[in-house]
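Student: Please read through the structure below; I'll follow up with questions.
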Amino acid sequence: NWKVYYYHSRDSLSDSRLSEAANFLVLVMLVTIVATAIALWATSKFIVSRLEALRNNITLVEKGKLEVMVQSQDQDEIGQLITGFGHMINRIKFLIEEVYESKLAQKNYEMRALQQQINPHFLYNTLSMINFMAIESGQNDISKITLALSDFYRTALNKGHNTTSLADELKNMNAYLDIQQMMHDYEFDLDIEIDDDIMDYETPNLILQPIVENAIGHGIDLLEDRKGVLKVYATVDEENVYIMVEDNGVGMDQETIKTMLSQNSKGYGMRNVNQRIKLLYGEECGLHIESIVGQGTVVTIRLPKHKYEKRPDQK
């Protein structure tokens, strides 16, 4: 029946010691929570930032901007996704360039095939002989139309080249208009104002003739209440040359404008001109049509501001 008494210091059980232990535990918990939050933030930022970069690249591609740098050195799933997207973009660019070049080659082949169907020497010699005979017999109108026809085919064939200077392209158009005015007995007026400063810029050959032909045949020829007027003028800015062909013909509605340059167009000439310009210089160039029914039509040709470099056989 012994009794055991254990004596312990009252300070060891004081509130201060317990408070210190509790404070230390709380501090450890706070440090752990903060460290965990920082680790989670850094990890999510690392993941989300790469996903946001990928999303931004996808947005640019959706807008047609394929010149984006998409690459990653990471080996995780997101890195593999970014790398795969980059490879896909490169493949798309390669296929677009391949299709672009094949279409351009096809258009060049079609143009050259058309040019080769005509023997230039035989044509020029024949026209020269007709011109000489017309002069000998005093037939000045026949001589004039023969010279215009000779100029037209000389500039149209362009020695087999697909581009020319704006000066030669205007010669081709003027020769065609001379013939048309004689055929129409000068029933319509011409107003051509092109600054000499832009005559040396490059243009695809044979682009103005189909446009003025369309203006005469589908606009001016259908007039009944006034005399037709065909205007050709040009402006430039820092990067582009704009050539406008304007007529005061019967005009066209918006539905006709939409289909004129599409695959559904019945007229091949205007659509062909638009496609050739885009193939040579890009989608931002080409034809733009504005028209008001009963008032007339304006066709604007947009070309890049490039100086034309003559080839050795043209010097």
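Convention: chains lettered A, B, ... in structure tokens order; per-chain residue numbering from 1; ligands numbered from 1 as shown.
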How would you write, as number ranges by chain, the set of residues in region 96-311 of chain A that DSSP gives as helix (DSSP H, G or I)?
Tutor: A: 96-116, 120-136, 140-160, 166-183, 196-198, 208-218, 220-222, 254-260, 268-281
Student: For the selection you just gave me, I'd like the residues written to a file as an mmCIF file, in the first residue's frame, keeping C-alpha atoms.
Tutor:
data_model
loop_
_atom_site.group_PDB
_atom_site.id
_atom_site.type_symbol
_atom_site.label_atom_id
_atom_site.label_comp_id
_atom_site.auth_asym_id
_atom_site.auth_seq_id
_atom_site.Cartn_x
_atom_site.Cartn_y
_atom_site.Cartn_z
ATOM 1 C CA ILE A 96 0.534 25.189 -100.353
ATOM 2 C CA GLU A 97 3.784 26.183 -102.056
ATOM 3 C CA GLU A 98 3.704 22.998 -104.105
ATOM 4 C CA VAL A 99 0.122 23.618 -105.250
ATOM 5 C CA TYR A 100 0.895 27.315 -105.874
ATOM 6 C CA GLU A 101 3.899 26.475 -108.027
ATOM 7 C CA SER A 102 1.990 23.797 -109.929
ATOM 8 C CA LYS A 103 -0.873 26.218 -110.662
ATOM 9 C CA LEU A 104 1.565 28.913 -111.732
ATOM 10 C CA ALA A 105 3.353 26.435 -113.988
ATOM 11 C CA GLN A 106 -0.006 25.397 -115.441
ATOM 12 C CA LYS A 107 -0.969 29.007 -116.177
ATOM 13 C CA ASN A 108 2.443 29.643 -117.746
ATOM 14 C CA TYR A 109 2.008 26.537 -119.899
ATOM 15 C CA GLU A 110 -1.463 27.659 -121.006
ATOM 16 C CA MET A 111 -0.164 31.117 -121.911
ATOM 17 C CA ARG A 112 2.799 29.751 -123.840
ATOM 18 C CA ALA A 113 0.616 27.197 -125.598
ATOM 19 C CA LEU A 114 -1.678 30.010 -126.678
ATOM 20 C CA GLN A 115 1.260 32.098 -127.859
ATOM 21 C CA GLN A 116 2.803 29.200 -129.773
ATOM 22 C CA PRO A 120 4.749 35.608 -135.007
ATOM 23 C CA HIS A 121 6.981 35.966 -138.050
ATOM 24 C CA PHE A 122 4.290 34.805 -140.439
ATOM 25 C CA LEU A 123 1.751 37.092 -138.776
ATOM 26 C CA TYR A 124 3.990 40.183 -138.784
ATOM 27 C CA ASN A 125 5.070 39.630 -142.383
ATOM 28 C CA THR A 126 1.459 39.208 -143.497
ATOM 29 C CA LEU A 127 0.318 42.332 -141.672
ATOM 30 C CA SER A 128 3.278 44.264 -143.038
ATOM 31 C CA MET A 129 2.332 43.214 -146.561
ATOM 32 C CA ILE A 130 -1.312 44.233 -146.001
ATOM 33 C CA ASN A 131 -0.155 47.596 -144.648
ATOM 34 C CA PHE A 132 2.083 48.176 -147.691
ATOM 35 C CA MET A 133 -0.731 47.282 -150.080
ATOM 36 C CA ALA A 134 -3.132 49.590 -148.238
ATOM 37 C CA ILE A 135 -0.717 52.521 -148.433
ATOM 38 C CA GLU A 136 -0.096 51.858 -152.126
ATOM 39 C CA ASN A 140 -5.386 54.823 -144.902
ATOM 40 C CA ASP A 141 -8.037 53.222 -142.678
ATOM 41 C CA ILE A 142 -6.858 49.751 -143.683
ATOM 42 C CA SER A 143 -3.258 50.776 -143.003
ATOM 43 C CA LYS A 144 -4.184 52.142 -139.578
ATOM 44 C CA ILE A 145 -6.106 49.060 -138.483
ATOM 45 C CA THR A 146 -3.336 46.797 -139.804
ATOM 46 C CA LEU A 147 -0.682 48.641 -137.793
ATOM 47 C CA ALA A 148 -2.901 48.513 -134.708
ATOM 48 C CA LEU A 149 -3.391 44.767 -135.155
ATOM 49 C CA SER A 150 0.361 44.298 -135.584
ATOM 50 C CA ASP A 151 1.071 46.268 -132.379
ATOM 51 C CA PHE A 152 -1.590 44.316 -130.514
ATOM 52 C CA TYR A 153 -0.176 40.897 -131.342
ATOM 53 C CA ARG A 154 3.425 42.005 -130.862
ATOM 54 C CA THR A 155 2.741 43.196 -127.318
ATOM 55 C CA ALA A 156 0.362 40.312 -126.565
ATOM 56 C CA LEU A 157 2.868 37.632 -127.548
ATOM 57 C CA ASN A 158 5.632 39.515 -125.675
ATOM 58 C CA LYS A 159 8.285 37.069 -126.968
ATOM 59 C CA GLY A 160 6.861 34.333 -124.771
ATOM 60 C CA LEU A 166 3.158 48.943 -117.918
ATOM 61 C CA ALA A 167 4.150 50.995 -120.982
ATOM 62 C CA ASP A 168 4.007 47.944 -123.282
ATOM 63 C CA GLU A 169 0.799 46.737 -121.649
ATOM 64 C CA LEU A 170 -0.774 50.114 -122.411
ATOM 65 C CA LYS A 171 0.439 49.860 -126.016
ATOM 66 C CA ASN A 172 -1.373 46.539 -126.262
ATOM 67 C CA MET A 173 -4.552 48.060 -124.824
ATOM 68 C CA ASN A 174 -4.352 51.137 -127.055
ATOM 69 C CA ALA A 175 -3.897 48.992 -130.169
ATOM 70 C CA TYR A 176 -6.974 46.971 -129.207
ATOM 71 C CA LEU A 177 -8.977 50.154 -128.530
ATOM 72 C CA ASP A 178 -7.932 51.639 -131.892
ATOM 73 C CA ILE A 179 -9.368 48.584 -133.611
ATOM 74 C CA GLN A 180 -12.535 48.663 -131.501
ATOM 75 C CA GLN A 181 -13.138 52.340 -132.186
ATOM 76 C CA MET A 182 -12.823 51.798 -135.932
ATOM 77 C CA MET A 183 -15.171 48.809 -135.703
ATOM 78 C CA ASP A 196 4.791 58.618 -117.262
ATOM 79 C CA ASP A 197 6.403 58.006 -113.847
ATOM 80 C CA ILE A 198 4.759 54.591 -113.517
ATOM 81 C CA LEU A 208 -5.960 45.307 -119.646
ATOM 82 C CA GLN A 209 -7.392 44.062 -122.945
ATOM 83 C CA PRO A 210 -9.873 41.566 -121.391
ATOM 84 C CA ILE A 211 -11.073 44.256 -118.975
ATOM 85 C CA VAL A 212 -11.658 46.941 -121.611
ATOM 86 C CA GLU A 213 -13.250 44.320 -123.869
ATOM 87 C CA ASN A 214 -15.682 43.477 -121.080
ATOM 88 C CA ALA A 215 -16.372 47.183 -120.480
ATOM 89 C CA ILE A 216 -17.199 47.726 -124.160
ATOM 90 C CA GLY A 217 -19.130 44.526 -124.810
ATOM 91 C CA HIS A 218 -21.161 44.345 -121.588
ATOM 92 C CA ILE A 220 -20.976 50.599 -123.394
ATOM 93 C CA ASP A 221 -22.468 48.571 -126.277
ATOM 94 C CA LEU A 222 -25.734 48.223 -124.338
ATOM 95 C CA GLN A 254 -24.011 42.819 -106.818
ATOM 96 C CA GLU A 255 -24.811 39.197 -107.626
ATOM 97 C CA THR A 256 -23.181 39.518 -111.042
ATOM 98 C CA ILE A 257 -20.129 41.173 -109.442
ATOM 99 C CA LYS A 258 -19.761 38.271 -106.981
ATOM 100 C CA THR A 259 -19.839 35.625 -109.719
ATOM 101 C CA MET A 260 -17.737 37.491 -112.301
ATOM 102 C CA TYR A 268 -13.156 33.488 -118.805
ATOM 103 C CA GLY A 269 -11.112 36.638 -119.509
ATOM 104 C CA MET A 270 -11.687 38.627 -116.304
ATOM 105 C CA ARG A 271 -11.377 35.534 -114.095
ATOM 106 C CA ASN A 272 -8.176 34.498 -115.850
ATOM 107 C CA VAL A 273 -6.645 37.957 -115.345
ATOM 108 C CA ASN A 274 -7.527 37.910 -111.641
ATOM 109 C CA GLN A 275 -6.079 34.417 -111.152
ATOM 110 C CA ARG A 276 -2.837 35.185 -112.991
ATOM 111 C CA ILE A 277 -2.238 38.325 -110.922
ATOM 112 C CA LYS A 278 -2.839 36.456 -107.664
ATOM 113 C CA LEU A 279 -0.596 33.573 -108.695
ATOM 114 C CA LEU A 280 2.247 35.952 -109.541
ATOM 115 C CA TYR A 281 1.954 38.450 -106.695
#
Student: As a PyMOL selection string, please: all residues of region 44-269 of chain A that backbone DSSP puts in strand (DSSP E).
Tutor: chain A and resi 163-165+188-193+202-204+228-236+240-247
Student: Would you output that residue set with N, CA and C atoms, as an mmCIF file, in the first residue's frame?
Tutor:
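The resulting file, result17.cif, is shown below:
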data_model
loop_
_atom_site.group_PDB
_atom_site.id
_atom_site.type_symbol
_atom_site.label_atom_id
_atom_site.label_comp_id
_atom_site.auth_asym_id
_atom_site.auth_seq_id
_atom_site.Cartn_x
_atom_site.Cartn_y
_atom_site.Cartn_z
ATOM 1 N N THR A 163 5.454 38.547 -118.077
ATOM 2 C CA THR A 163 5.384 39.884 -117.502
ATOM 3 C C THR A 163 5.990 40.883 -118.467
ATOM 4 N N THR A 164 5.571 42.133 -118.322
ATOM 5 C CA THR A 164 6.052 43.186 -119.200
ATOM 6 C C THR A 164 6.008 44.498 -118.441
ATOM 7 N N SER A 165 6.374 45.575 -119.100
ATOM 8 C CA SER A 165 6.267 46.894 -118.471
ATOM 9 C C SER A 165 4.855 47.434 -118.667
ATOM 10 N N PHE A 188 -17.923 55.620 -129.215
ATOM 11 C CA PHE A 188 -17.637 55.881 -127.803
ATOM 12 C C PHE A 188 -16.322 56.639 -127.692
ATOM 13 N N ASP A 189 -16.171 57.387 -126.598
ATOM 14 C CA ASP A 189 -14.987 58.213 -126.367
ATOM 15 C C ASP A 189 -14.005 57.515 -125.430
ATOM 16 N N LEU A 190 -12.737 57.901 -125.585
ATOM 17 C CA LEU A 190 -11.679 57.383 -124.722
ATOM 18 C C LEU A 190 -11.077 58.511 -123.911
ATOM 19 N N ASP A 191 -10.761 58.202 -122.657
ATOM 20 C CA ASP A 191 -10.089 59.165 -121.778
ATOM 21 C C ASP A 191 -9.017 58.387 -121.009
ATOM 22 N N ILE A 192 -7.785 58.417 -121.520
ATOM 23 C CA ILE A 192 -6.694 57.629 -120.938
ATOM 24 C C ILE A 192 -5.655 58.586 -120.363
ATOM 25 N N GLU A 193 -5.452 58.514 -119.056
ATOM 26 C CA GLU A 193 -4.490 59.377 -118.378
ATOM 27 C C GLU A 193 -3.623 58.518 -117.449
ATOM 28 N N GLU A 202 6.287 46.841 -113.305
ATOM 29 C CA GLU A 202 6.003 45.508 -113.872
ATOM 30 C C GLU A 202 4.518 45.182 -113.791
ATOM 31 N N THR A 203 4.059 44.468 -114.808
ATOM 32 C CA THR A 203 2.685 43.987 -114.840
ATOM 33 C C THR A 203 2.634 42.689 -115.634
ATOM 34 N N PRO A 204 1.714 41.774 -115.311
ATOM 35 C CA PRO A 204 1.495 40.634 -116.206
ATOM 36 C C PRO A 204 1.019 41.151 -117.557
ATOM 37 N N GLY A 228 -21.122 56.382 -124.994
ATOM 38 C CA GLY A 228 -20.244 55.681 -124.073
ATOM 39 C C GLY A 228 -18.915 56.392 -123.889
ATOM 40 N N VAL A 229 -18.371 56.272 -122.670
ATOM 41 C CA VAL A 229 -17.057 56.835 -122.340
ATOM 42 C C VAL A 229 -16.273 55.781 -121.577
ATOM 43 N N LEU A 230 -15.077 55.527 -122.043
ATOM 44 C CA LEU A 230 -14.191 54.576 -121.368
ATOM 45 C C LEU A 230 -12.978 55.331 -120.848
ATOM 46 N N LYS A 231 -12.747 55.251 -119.531
ATOM 47 C CA LYS A 231 -11.628 55.936 -118.900
ATOM 48 C C LYS A 231 -10.634 54.909 -118.338
ATOM 49 N N VAL A 232 -9.349 55.221 -118.508
ATOM 50 C CA VAL A 232 -8.291 54.401 -117.923
ATOM 51 C C VAL A 232 -7.313 55.346 -117.231
ATOM 52 N N TYR A 233 -7.120 55.144 -115.938
ATOM 53 C CA TYR A 233 -6.209 56.003 -115.188
ATOM 54 C C TYR A 233 -5.546 55.180 -114.083
ATOM 55 N N ALA A 234 -4.577 55.760 -113.402
ATOM 56 C CA ALA A 234 -3.799 55.000 -112.424
ATOM 57 C C ALA A 234 -3.367 55.878 -111.274
ATOM 58 N N THR A 235 -3.172 55.247 -110.115
ATOM 59 C CA THR A 235 -2.609 55.900 -108.940
ATOM 60 C C THR A 235 -1.605 54.953 -108.304
ATOM 61 N N VAL A 236 -0.754 55.493 -107.428
ATOM 62 C CA VAL A 236 0.237 54.674 -106.722
ATOM 63 C C VAL A 236 0.271 55.097 -105.260
ATOM 64 N N ASN A 240 1.958 49.841 -103.803
ATOM 65 C CA ASN A 240 1.134 49.277 -104.872
ATOM 66 C C ASN A 240 0.880 50.273 -105.998
ATOM 67 N N VAL A 241 0.551 49.687 -107.152
ATOM 68 C CA VAL A 241 0.076 50.445 -108.307
ATOM 69 C C VAL A 241 -1.385 50.056 -108.535
ATOM 70 N N TYR A 242 -2.246 51.051 -108.715
ATOM 71 C CA TYR A 242 -3.667 50.797 -108.947
ATOM 72 C C TYR A 242 -4.038 51.350 -110.321
ATOM 73 N N ILE A 243 -4.552 50.464 -111.171
ATOM 74 C CA ILE A 243 -4.995 50.865 -112.503
ATOM 75 C C ILE A 243 -6.510 50.709 -112.554
ATOM 76 N N MET A 244 -7.203 51.782 -112.897
ATOM 77 C CA MET A 244 -8.660 51.764 -112.938
ATOM 78 C C MET A 244 -9.166 51.828 -114.371
ATOM 79 N N VAL A 245 -10.100 50.943 -114.693
ATOM 80 C CA VAL A 245 -10.803 50.960 -115.977
ATOM 81 C C VAL A 245 -12.270 51.258 -115.672
ATOM 82 N N GLU A 246 -12.725 52.418 -116.111
ATOM 83 C CA GLU A 246 -14.059 52.889 -115.756
ATOM 84 C C GLU A 246 -14.882 53.120 -117.019
ATOM 85 N N ASP A 247 -16.129 52.667 -116.990
ATOM 86 C CA ASP A 247 -17.044 52.927 -118.111
ATOM 87 C C ASP A 247 -18.358 53.481 -117.570
#
